[in-house]
Amino acid sequence: MHSVYQFFQAIGLGLILLLPLTNPLTTVALWLGLSGNMTKEQRNQQSLMACVYIFLIMTIAFYAGRIIMTTFGISIPGLRIAGGMIVAFIGFSMLFPNTPNVDDPISDDSNPHHNPKEPNIAFVPLAMPSTAGPGTIAMIISTAASIPSRTDIAQWVLYIAPVTCFFLISVIVWVSLRGSTRIMKYLGHSGIDAISRVMGFLLICMGVQFMINGVLEIIADLPALLKQAQAAANLPD
């Protein structure tokens, strides 16, 4: 009975820690800006796939995140900088959309290179880096690293509660995305276009901030790296 109480306590703590990082409201605003030209079926499919990707990214980060990052030599600052570049690139494309010229025959539907399908936005940017971004992944990896040292909590709680928490966060995001489709009916095409451009500017700012945070972490870790390098250089051959 005590372990069941620990299970629900761990889920509550996980939601408190991860919901501010995932920030479903930001994902909804981004969703409104990117899915304005989609059909209802496309929006439903993209929202569902985004939440599946969110759950998979969090689960993989929890169970194998540190191994993957160590294997490929990826650091948390590097993850932040890469995520910031992706977010900034998406922000530029939203702020300055590529509108085809109606007088240009290349933009005609008869063009064999013309793709009438909407881009897949489920994985990038909705799942990553908007929801399961560098901050969320870093939090999950650091939490997973501290689990082996916890002896005051049942082992099944330590491994089942995080997955349950990830599933609940995915459901919350899915409900938020599905509910936001009603807002589109009142905004219209011009309103969605305005939101898209505003979100594009905010995404550029977020991307630049991600990169700044990554650089600052590198600078903060620089003295320790220099000491390690100096100690390695002083070792006898």
# chains A, B, ... in the order shown; residues from 1 in each chain; ligands from 1
>>> residues_around(residues="segment 133-147 of chain A", least_positions_apart="6", cutoff="8 Å", atoms="only C-alpha atoms", output="ChimeraX atom specification")
/A:18,21-22,58,61-63,65-66,76,79-80,83,127,158
>>> select_by_dssp(residues="segment 24-165 of chain A", states="helix (DSSP H, G or I)", output="PyMOL selection string")
chain A and resi 24-34+40-71+76-95+105-107+122-131+134-149+155-165
>>> residues_around(residues="Leu15 of chain A", least_positions_apart="3", cutoff="9 Å", atoms="only C-alpha atoms", output="list in words")
Ala10, Ile11, Gly12, Leu18, Leu19, Pro20, Cys165, Phe166, Leu168 and Ile169 of chain A
>>> residues_around(residues="Asn44 of chain A", least_positions_apart="6", cutoff="12 Å", atoms="only C-alpha atoms", output="JSON, numbers by chain")
{"A": [31, 35, 38, 50, 51, 122, 174, 175, 176, 177, 178, 179, 180, 181]}
>>> residues_around(residues="Leu32 of chain A", least_positions_apart="3", cutoff="10 Å", atoms="only C-alpha atoms", output="CSV table (one decimal) with N, CA, C and O atoms, in the first residue's frame")
chain,number,residue,atom,x,y,z
A,26,THR,N,2.6,26.8,-25.2
A,26,THR,CA,3.5,27.3,-26.3
A,26,THR,C,3.3,26.3,-27.5
A,26,THR,O,3.3,26.8,-28.6
A,27,THR,N,3.1,25.1,-27.2
A,27,THR,CA,2.9,24.1,-28.3
A,27,THR,C,1.6,24.4,-29.0
A,27,THR,O,1.5,24.3,-30.2
A,28,VAL,N,0.6,24.8,-28.3
A,28,VAL,CA,-0.7,25.1,-28.9
A,28,VAL,C,-0.6,26.4,-29.7
A,28,VAL,O,-1.1,26.4,-30.9
A,29,ALA,N,0.1,27.4,-29.2
A,29,ALA,CA,0.3,28.6,-30.0
A,29,ALA,C,1.1,28.3,-31.3
A,29,ALA,O,0.8,28.8,-32.4
A,35,SER,N,-0.7,25.0,-38.5
A,35,SER,CA,-1.7,24.1,-39.0
A,35,SER,C,-2.9,24.8,-39.6
A,35,SER,O,-4.0,24.2,-39.8
A,36,GLY,N,-2.8,26.1,-39.9
A,36,GLY,CA,-3.9,26.8,-40.3
A,36,GLY,C,-4.5,26.4,-41.7
A,36,GLY,O,-5.7,26.5,-41.9
A,37,ASN,N,-3.6,25.9,-42.6
A,37,ASN,CA,-4.1,25.5,-43.9
A,37,ASN,C,-4.3,24.0,-44.0
A,37,ASN,O,-4.6,23.5,-45.1
A,177,LEU,N,-4.1,20.3,-28.1
A,177,LEU,CA,-4.1,20.5,-29.5
A,177,LEU,C,-5.5,20.3,-30.2
A,177,LEU,O,-5.9,21.0,-31.0
A,180,SER,N,-7.7,23.2,-29.4
A,180,SER,CA,-7.3,24.5,-30.1
A,180,SER,C,-7.9,24.6,-31.5
A,180,SER,O,-7.9,25.7,-32.1
A,181,THR,N,-8.3,23.5,-32.1
A,181,THR,CA,-8.9,23.5,-33.4
A,181,THR,C,-10.2,24.4,-33.5
A,181,THR,O,-10.5,25.0,-34.5
A,183,ILE,N,-10.5,27.1,-31.9
A,183,ILE,CA,-10.1,28.5,-32.0
A,183,ILE,C,-9.9,29.0,-33.4
A,183,ILE,O,-10.2,30.1,-33.8
A,184,MET,N,-9.5,28.0,-34.3
A,184,MET,CA,-9.2,28.4,-35.7
A,184,MET,C,-10.5,28.9,-36.4
A,184,MET,O,-10.4,29.7,-37.3
A,187,LEU,N,-10.7,32.6,-35.7
A,187,LEU,CA,-9.6,33.4,-36.2
A,187,LEU,C,-9.7,33.7,-37.6
A,187,LEU,O,-9.4,34.9,-38.1
A,191,GLY,N,-6.3,35.9,-39.3
A,191,GLY,CA,-5.9,35.8,-37.9
A,191,GLY,C,-4.8,34.7,-37.7
A,191,GLY,O,-3.9,34.9,-36.9
A,192,ILE,N,-5.0,33.6,-38.4
A,192,ILE,CA,-4.0,32.5,-38.3
A,192,ILE,C,-2.7,33.0,-38.8
A,192,ILE,O,-1.6,32.7,-38.3
A,193,ASP,N,-2.7,33.7,-40.0
A,193,ASP,CA,-1.5,34.2,-40.6
A,193,ASP,C,-0.8,35.2,-39.6
A,193,ASP,O,0.5,35.1,-39.5
A,195,ILE,N,-1.0,35.2,-36.3
A,195,ILE,CA,-0.4,34.4,-35.2
A,195,ILE,C,0.8,33.7,-35.7
A,195,ILE,O,1.8,33.6,-34.9
A,196,SER,N,0.8,33.2,-36.9
A,196,SER,CA,2.0,32.5,-37.4
A,196,SER,C,3.2,33.4,-37.5
A,196,SER,O,4.3,33.0,-37.1
A,199,MET,N,4.3,34.1,-33.8
A,199,MET,CA,5.0,32.9,-33.3
A,199,MET,C,6.3,32.7,-33.9
A,199,MET,O,7.3,32.2,-33.3
>>> atom_distance(atom1="atom CA of Val52 of chain A", atom2="atom CA of Thr164 of chain A")
13.4 Å
>>> closest_residue(among="A:Ile16, A:Val124, A:Val4, A:Ala233", to="Ala154 of chain A", atoms="only C-alpha atoms")
A:Val4
